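Here is the structure we will look at.
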Amino acid sequence: MADKDPACCAATRSDDAASAGRPEHNGTDSTAPAAPEDGRTTAMVRIDGGPFIMGTDSDVGFPQDGEGPAREVTVDPFYMDKYAVTNAQYLEFVRETDYTTDAERYGWSFVFQNHLTEEGSEHVISNVDAAPWWVAVNGANWFRPYGPGSSIIEANLLDHPVTHISWRDATAYAEWAEKRLPTEAEWECAARGGLEGCRFPWGDELKPEGDHRCNIWQGEFPEHNTGEDGHMATAPVNAYEPNDYGLYNVAGNVWEWCHDWFSPTYHTTGEYNADNPTGPPTGEARVMRGGSHLCHRSWCNRYRVAARSKNTPDSSTSNIGFRCVVPASE
């Protein structure tokens with residue numbers, strides 16, 4: 001697996017012309033802690049934190065991503081959204097704030113070619129050279145996830161995770177909701193659900209007793225998806241069984257942005273602090289976790305709980321979303 005190109009995970013913007021005027025957010029300390037009765041914790045679960053083993057020493061996956069070495073880290077208690085942020089929630093945010101996403105500012109976003117509408121196919125700008133199944137489509141954005149001719153309303157996607165959301169778009173929503181994005185350590189602590197060293201949020205077997213537990217690709221990628229798990233693209237945010245902490249879809253469905261700048265080696269240096277760790281102070285790409293409905297073991301088995309990926313803060317695709325956290329006050 002280590003020699004595979006990771007471009008199937010999510011395509012990356014190479015032009016930053018639309019980035020002017022967009023603030024970067026580098027702190028995790030500005031979000032007020034929440035007590036259990038805090039209204040922000042509705043539809044969130046409390047994660048007690050404490051020490052846990054982060055990463056993996058397994059030879060399955062992508063060592064060049066910095067999945068290992070496995071190491072003990074500690075995180076403070078926090079609340080995490082049970083579900084990825086939905087289209088309905090993002091619609092409420094946009095209606096209240098008139099926020100314009102990066103995809104709308106650029107005028108285009110990346111769509112997986114098999115999901116394009118007929119009208120959307122007429123608005124393709126280009127393919128990604130390393131992963132031609134990713135196409136840049138004029139008019140694709142969070143409200144029109146498969147390009148012109150699609151909409152989250154007409155496609156009954158209000159309870160699906162919002163997509164075509166850049167890291168900056170996710171951060172803007174989180175600030176509006178008086179929450180923040182999770183650190184990578186918080187995300188992995190929560191996704192593991194209290195299980196130590198397991199490959200998936202529910203254990204080591206992908207399909208325990210033959211049951212699908214996540215929304216990923218079945219069949220031959222990228223030509224044919226059998227949809228055996230019940231979904232050809234995104235699934236509702238409450239699909240499948242939650243992990244032991246009550247979190248849904250922390251494997252597959254959509255990639256989830258984390259706060260941290262990505263580095264494959266920072267956690268092996270003396271600068272790394274194992275107490276509430278974060279990534280390096282600067283970088284070019286932000287961490288994404290959890291994999292997506294496009295992941296397949298033959299190419300990108302990053303739906304494992306220790307797997308990592310990255311993208312630039314202004315990039316958006318049809319398989320990237322997010323969920324939020326709030327630090328706990330006690």
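The way I read the labels, and the way they are meant: chains A, B, ... in the order of the structure tokens, residue 1 as the first residue of every chain, and ligand 1 as the first ligand shown, with later ones counted on from there.
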Proximity check range 49-159 of chain A to range 220-236 of chain A, 9 Å, nearest pairs one decimal Å, only C-alpha atoms, as JSON lines:
```
{"residue": "A:Thr86", "atom": "CA", "partner": "A:Pro236", "partner_atom": "CA", "distance": 8.5}
{"residue": "A:Asn114", "atom": "CA", "partner": "A:Glu223", "partner_atom": "CA", "distance": 8.5}
{"residue": "A:His115", "atom": "CA", "partner": "A:Ala233", "partner_atom": "CA", "distance": 7.5}
{"residue": "A:Trp133", "atom": "CA", "partner": "A:Pro222", "partner_atom": "CA", "distance": 7.1}
{"residue": "A:Leu157", "atom": "CA", "partner": "A:Pro236", "partner_atom": "CA", "distance": 7.6}
{"residue": "A:Leu158", "atom": "CA", "partner": "A:Pro236", "partner_atom": "CA", "distance": 8.4}
{"residue": "A:Asp159", "atom": "CA", "partner": "A:Pro236", "partner_atom": "CA", "distance": 5.3}
```
Can I get the selection written as a short mmCIF file (atom, residue, chain, number, x, y, z; two decimals), in the first residue's frame, with all heavy atoms?
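File written: result.cif
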```cif
data_model
loop_
_atom_site.label_atom_id
_atom_site.label_comp_id
_atom_site.auth_asym_id
_atom_site.auth_seq_id
_atom_site.Cartn_x
_atom_site.Cartn_y
_atom_site.Cartn_z
N THR A 86 -24.28 18.37 9.11
CA THR A 86 -25.15 18.02 7.99
C THR A 86 -25.35 19.19 7.03
O THR A 86 -25.08 20.36 7.36
CB THR A 86 -26.54 17.57 8.48
OG1 THR A 86 -27.17 18.69 9.12
CG2 THR A 86 -26.43 16.40 9.45
N ASN A 114 -17.94 9.76 -11.27
CA ASN A 114 -19.09 8.86 -11.36
C ASN A 114 -20.35 9.46 -10.78
O ASN A 114 -21.45 8.95 -11.03
CB ASN A 114 -18.79 7.54 -10.64
CG ASN A 114 -17.66 6.76 -11.28
OD1 ASN A 114 -16.89 7.31 -12.06
ND2 ASN A 114 -17.56 5.49 -10.94
N HIS A 115 -20.22 10.54 -10.01
CA HIS A 115 -21.37 11.13 -9.35
C HIS A 115 -21.88 12.39 -10.05
O HIS A 115 -22.85 13.00 -9.60
CB HIS A 115 -21.04 11.46 -7.90
CG HIS A 115 -20.69 10.26 -7.09
ND1 HIS A 115 -19.90 10.33 -5.95
CD2 HIS A 115 -20.99 8.95 -7.25
CE1 HIS A 115 -19.75 9.11 -5.45
NE2 HIS A 115 -20.41 8.26 -6.22
N TRP A 133 -10.24 10.45 -11.96
CA TRP A 133 -11.62 10.35 -11.49
C TRP A 133 -12.07 11.59 -10.74
O TRP A 133 -13.25 11.77 -10.49
CB TRP A 133 -11.79 9.11 -10.61
CG TRP A 133 -10.71 8.93 -9.58
CD1 TRP A 133 -10.66 9.48 -8.33
CD2 TRP A 133 -9.52 8.16 -9.72
NE1 TRP A 133 -9.51 9.10 -7.68
CE2 TRP A 133 -8.80 8.27 -8.50
CE3 TRP A 133 -9.01 7.36 -10.75
CZ2 TRP A 133 -7.57 7.63 -8.30
CZ3 TRP A 133 -7.79 6.73 -10.53
CH2 TRP A 133 -7.08 6.87 -9.31
N LEU A 157 -30.76 15.31 0.57
CA LEU A 157 -29.46 15.14 1.24
C LEU A 157 -29.34 15.98 2.51
O LEU A 157 -28.23 16.15 3.02
CB LEU A 157 -28.33 15.50 0.28
CG LEU A 157 -28.19 14.67 -0.98
CD1 LEU A 157 -27.06 15.20 -1.86
CD2 LEU A 157 -27.95 13.19 -0.64
N LEU A 158 -30.43 16.49 3.04
CA LEU A 158 -30.32 17.37 4.20
C LEU A 158 -29.74 16.66 5.41
O LEU A 158 -29.09 17.30 6.25
CB LEU A 158 -31.69 17.96 4.54
CG LEU A 158 -32.22 19.01 3.57
CD1 LEU A 158 -33.61 19.45 3.97
CD2 LEU A 158 -31.27 20.22 3.51
N ASP A 159 -29.95 15.35 5.53
CA ASP A 159 -29.40 14.61 6.67
C ASP A 159 -28.07 13.93 6.33
O ASP A 159 -27.58 13.11 7.09
CB ASP A 159 -30.40 13.59 7.20
CG ASP A 159 -30.76 12.52 6.17
OD1 ASP A 159 -30.45 12.70 4.97
OD2 ASP A 159 -31.36 11.50 6.57
#
```
If you take only C-alpha atoms and a cut-off of 12 Å, which residues of range 151-228 of chain A touch range 106-109 of chain A, and what are their nearest atom pairs and distances in Å to one decimal, in chain and number order, as CSV?
```
residue,atom,partner,partner_atom,distance
A:Thr163,CA,A:Ser109,CA,10.2
A:His164,CA,A:Ser109,CA,6.7
A:Ile165,CA,A:Ser109,CA,9.4
A:Ser166,CA,A:Ser109,CA,10.0
```
Range 204-275 of chain A near range 42-66 of chain A within 8 Å: what's each residue's closest atom pair and its distance in Å to one decimal, counting only C-alpha atoms, ordered by chain then ascending residue number, as a Markdown table?
```
| residue | atom | partner | partner_atom | distance |
| --- | --- | --- | --- | --- |
| A:Tyr245 | CA | A:Val45 | CA | 7.3 |
| A:Gly246 | CA | A:Val45 | CA | 6.9 |
| A:Leu247 | CA | A:Val45 | CA | 7.6 |
| A:Ser263 | CA | A:Gly66 | CA | 7.4 |
| A:Pro264 | CA | A:Gly66 | CA | 4.1 |
| A:Thr265 | CA | A:Gly66 | CA | 6.0 |
```
Apply DSSP to the backbone of this structure and, from range 100-234 of chain A, keep only the residues in alpha helix (DSSP H); write these as a PyMOL selection string.
chain A and resi 102-106+118-121+167-176+184-192
Using only C-alpha atoms, determine which residues lie at most 9 Å from Asn127 in chain A, disregarding the query and same-chain residues fewer than 6 positions distant; provide the list as a PyMOL selection string.
chain A and resi 110+133-136
Go ahead and dump the residues you just picked, C-alpha atoms, as a compact mmCIF listing (two decimals), in the first residue's frame.
```
# COMPACT_ATOMS: atom_id res chain seq x y z
CA PHE A 110 -13.82 18.81 -7.22
CA TRP A 133 -11.62 10.35 -11.49
CA TRP A 134 -11.47 13.75 -9.79
CA VAL A 135 -12.88 16.50 -12.00
CA ALA A 136 -12.99 20.23 -11.37
```
Surrounding residues of Cys189 in chain A excluding itself and chain neighbours under 4 positions, 12 Å, only C-alpha atoms, as a ChimeraX atom specification:
/A:46-55,72-80,182-185,193-198,201,243-245,247,250,276-277,289,305-306
Could you please take those selected residues and save N, CA and C atoms as a CSV table (one decimal), in the first residue's frame?
```csv
chain,number,residue,atom,x,y,z
A,46,ARG,N,-19.7,13.3,25.5
A,46,ARG,CA,-18.6,13.7,26.3
A,46,ARG,C,-17.5,12.6,26.2
A,47,ILE,N,-16.3,13.0,25.9
A,47,ILE,CA,-15.1,12.1,25.9
A,47,ILE,C,-14.3,12.5,27.1
A,48,ASP,N,-14.1,11.5,28.0
A,48,ASP,CA,-13.4,11.8,29.2
A,48,ASP,C,-11.9,12.1,29.0
A,49,GLY,N,-11.4,11.7,27.9
A,49,GLY,CA,-10.0,12.0,27.6
A,49,GLY,C,-9.0,11.1,28.5
A,50,GLY,N,-7.9,11.7,28.9
A,50,GLY,CA,-6.9,10.9,29.6
A,50,GLY,C,-5.9,10.3,28.6
A,51,PRO,N,-5.1,9.4,29.1
A,51,PRO,CA,-4.0,8.8,28.2
A,51,PRO,C,-4.6,7.8,27.3
A,52,PHE,N,-4.1,7.7,26.1
A,52,PHE,CA,-4.5,6.6,25.1
A,52,PHE,C,-3.3,6.4,24.2
A,53,ILE,N,-3.3,5.3,23.5
A,53,ILE,CA,-2.3,5.0,22.5
A,53,ILE,C,-2.7,5.5,21.1
A,54,MET,N,-2.0,6.5,20.6
A,54,MET,CA,-2.3,7.1,19.3
A,54,MET,C,-1.3,6.5,18.3
A,55,GLY,N,-1.9,6.3,17.1
A,55,GLY,CA,-1.1,5.8,16.0
A,55,GLY,C,-1.0,4.3,16.0
A,72,GLU,N,1.9,6.9,23.6
A,72,GLU,CA,0.9,7.4,24.5
A,72,GLU,C,0.9,8.9,24.6
A,73,VAL,N,-0.4,9.4,24.4
A,73,VAL,CA,-0.6,10.8,24.5
A,73,VAL,C,-1.8,11.0,25.5
A,74,THR,N,-2.0,12.2,25.9
A,74,THR,CA,-3.1,12.6,26.8
A,74,THR,C,-3.9,13.7,26.3
A,75,VAL,N,-5.2,13.6,26.4
A,75,VAL,CA,-6.0,14.8,26.0
A,75,VAL,C,-7.0,15.1,27.1
A,76,ASP,N,-7.3,16.4,27.3
A,76,ASP,CA,-8.3,16.8,28.3
A,76,ASP,C,-9.7,16.4,27.9
A,77,PRO,N,-10.6,16.4,28.8
A,77,PRO,CA,-12.0,16.0,28.5
A,77,PRO,C,-12.6,17.0,27.5
A,78,PHE,N,-13.5,16.5,26.6
A,78,PHE,CA,-14.1,17.4,25.6
A,78,PHE,C,-15.4,16.7,25.2
A,79,TYR,N,-16.2,17.5,24.5
A,79,TYR,CA,-17.4,17.1,23.9
A,79,TYR,C,-17.2,17.0,22.4
A,80,MET,N,-17.7,16.0,21.7
A,80,MET,CA,-17.6,15.9,20.2
A,80,MET,C,-19.0,15.7,19.7
A,182,PRO,N,-11.7,19.6,16.0
A,182,PRO,CA,-10.9,18.8,17.0
A,182,PRO,C,-9.4,18.8,16.6
A,183,THR,N,-8.6,18.7,17.6
A,183,THR,CA,-7.2,18.4,17.3
A,183,THR,C,-7.1,16.9,16.8
A,184,GLU,N,-6.1,16.6,16.1
A,184,GLU,CA,-5.9,15.2,15.6
A,184,GLU,C,-6.0,14.2,16.7
A,185,ALA,N,-5.3,14.6,17.8
A,185,ALA,CA,-5.3,13.6,19.0
A,185,ALA,C,-6.7,13.5,19.5
A,193,GLY,N,-13.1,5.0,20.5
A,193,GLY,CA,-14.2,4.6,21.3
A,193,GLY,C,-13.7,3.8,22.5
A,194,GLY,N,-12.5,4.0,23.0
A,194,GLY,CA,-12.0,3.3,24.2
A,194,GLY,C,-11.3,2.0,23.8
A,195,LEU,N,-11.3,1.6,22.6
A,195,LEU,CA,-10.6,0.4,22.2
A,195,LEU,C,-9.1,0.7,21.9
A,196,GLU,N,-8.2,-0.1,22.4
A,196,GLU,CA,-6.8,0.2,22.3
A,196,GLU,C,-6.2,-0.7,21.2
A,197,GLY,N,-5.6,0.0,20.2
A,197,GLY,CA,-4.8,-0.7,19.2
A,197,GLY,C,-5.6,-1.3,18.1
A,198,CYS,N,-6.9,-1.1,18.1
A,198,CYS,CA,-7.8,-1.8,17.1
A,198,CYS,C,-7.7,-1.0,15.7
A,201,PRO,N,-12.9,1.6,14.4
A,201,PRO,CA,-13.6,2.1,15.6
A,201,PRO,C,-14.4,1.0,16.3
A,243,ASN,N,-19.7,4.0,17.4
A,243,ASN,CA,-18.7,3.3,18.2
A,243,ASN,C,-19.1,3.3,19.6
A,244,ASP,N,-18.3,2.8,20.5
A,244,ASP,CA,-18.6,2.7,21.9
A,244,ASP,C,-18.8,4.0,22.6
A,245,TYR,N,-18.3,5.1,22.0
A,245,TYR,CA,-18.5,6.4,22.6
A,245,TYR,C,-19.8,7.1,22.1
A,247,LEU,N,-20.3,7.8,18.7
A,247,LEU,CA,-20.0,8.6,17.5
A,247,LEU,C,-20.3,7.8,16.3
A,250,VAL,N,-17.2,7.6,12.0
A,250,VAL,CA,-15.9,8.1,12.2
A,250,VAL,C,-14.9,7.2,11.3
A,276,ASN,N,-2.0,16.9,25.3
A,276,ASN,CA,-2.8,17.7,24.4
A,276,ASN,C,-2.0,18.1,23.2
A,277,PRO,N,-1.5,17.1,22.5
A,277,PRO,CA,-0.7,17.4,21.3
A,277,PRO,C,-1.4,18.0,20.1
A,289,ARG,N,-9.1,13.2,8.7
A,289,ARG,CA,-9.2,11.9,9.3
A,289,ARG,C,-10.5,11.1,8.9
A,305,VAL,N,-8.6,3.6,11.8
A,305,VAL,CA,-8.6,4.7,12.8
A,305,VAL,C,-7.3,5.4,13.0
A,306,ALA,N,-6.2,4.8,12.6
A,306,ALA,CA,-4.9,5.4,12.8
A,306,ALA,C,-4.4,6.1,11.5
```
Could you tell me how far CA of Leu116 in chain A lies from CA of Asp211 in chain A, in Å and to one decimal?
29.1 Å
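Restricting the calculation to only C-alpha atoms, the smallest distance between His293 in chain A and any of A:Phe200, A:Trp217, A:Tyr146, A:Trp167 is found for A:Trp217.
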Assign secondary structure with DSSP using the backbone only, and return the residues of range 46-274 of chain A in strand (DSSP E or B) as a PyMOL selection string.
chain A and resi 46-47+50-54+71-75+78-81+86+108-112+124-128+131-138+161+180+200+203+215+219-220+224-225+252+255-261
Which residues are close to Ser292 in chain A, i.e. within 7 Å by only C-alpha atoms, leaving aside same-chain residues fewer than 3 positions away? Reply as a compact mmCIF listing (two decimals) with N, CA and C atoms, in the first residue's frame.
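Result file follows (around-v1.txt):
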```txt
# COMPACT_ATOMS: atom_id res chain seq x y z
N ILE A 216 -17.86 2.72 2.63
CA ILE A 216 -16.66 2.78 1.79
C ILE A 216 -16.99 2.15 0.44
N GLY A 252 -15.07 6.08 7.12
CA GLY A 252 -15.80 6.18 5.88
C GLY A 252 -16.75 7.37 5.83
N ASN A 253 -17.58 7.38 4.82
CA ASN A 253 -18.57 8.44 4.52
C ASN A 253 -17.87 9.70 4.03
N VAL A 254 -17.36 10.56 4.91
CA VAL A 254 -16.60 11.73 4.45
C VAL A 254 -15.36 11.91 5.32
N TRP A 255 -14.30 12.42 4.69
CA TRP A 255 -13.15 12.86 5.46
C TRP A 255 -13.56 13.98 6.40
N CYS A 295 -12.98 5.33 -0.30
CA CYS A 295 -11.84 4.51 0.14
C CYS A 295 -12.07 3.04 -0.19
N TYR A 303 -9.55 4.32 5.85
CA TYR A 303 -10.69 4.32 6.76
C TYR A 303 -10.33 3.64 8.07
N ASN A 319 -16.08 14.71 -1.04
CA ASN A 319 -15.95 13.70 0.02
C ASN A 319 -15.26 14.24 1.27
```
So which residues touch Trp257 in chain A within 8 Å, counting only C-alpha atoms, skipping near sequence neighbours fewer than 2 positions away, as a PyMOL selection string?
chain A and resi 167+170+181+255+259+286-289+320-323
So, counting only C-alpha atoms, which residue among A:Thr41, A:Asn249, A:Thr12, A:Ser298 is closest to Cys214 in chain A?
A:Asn249
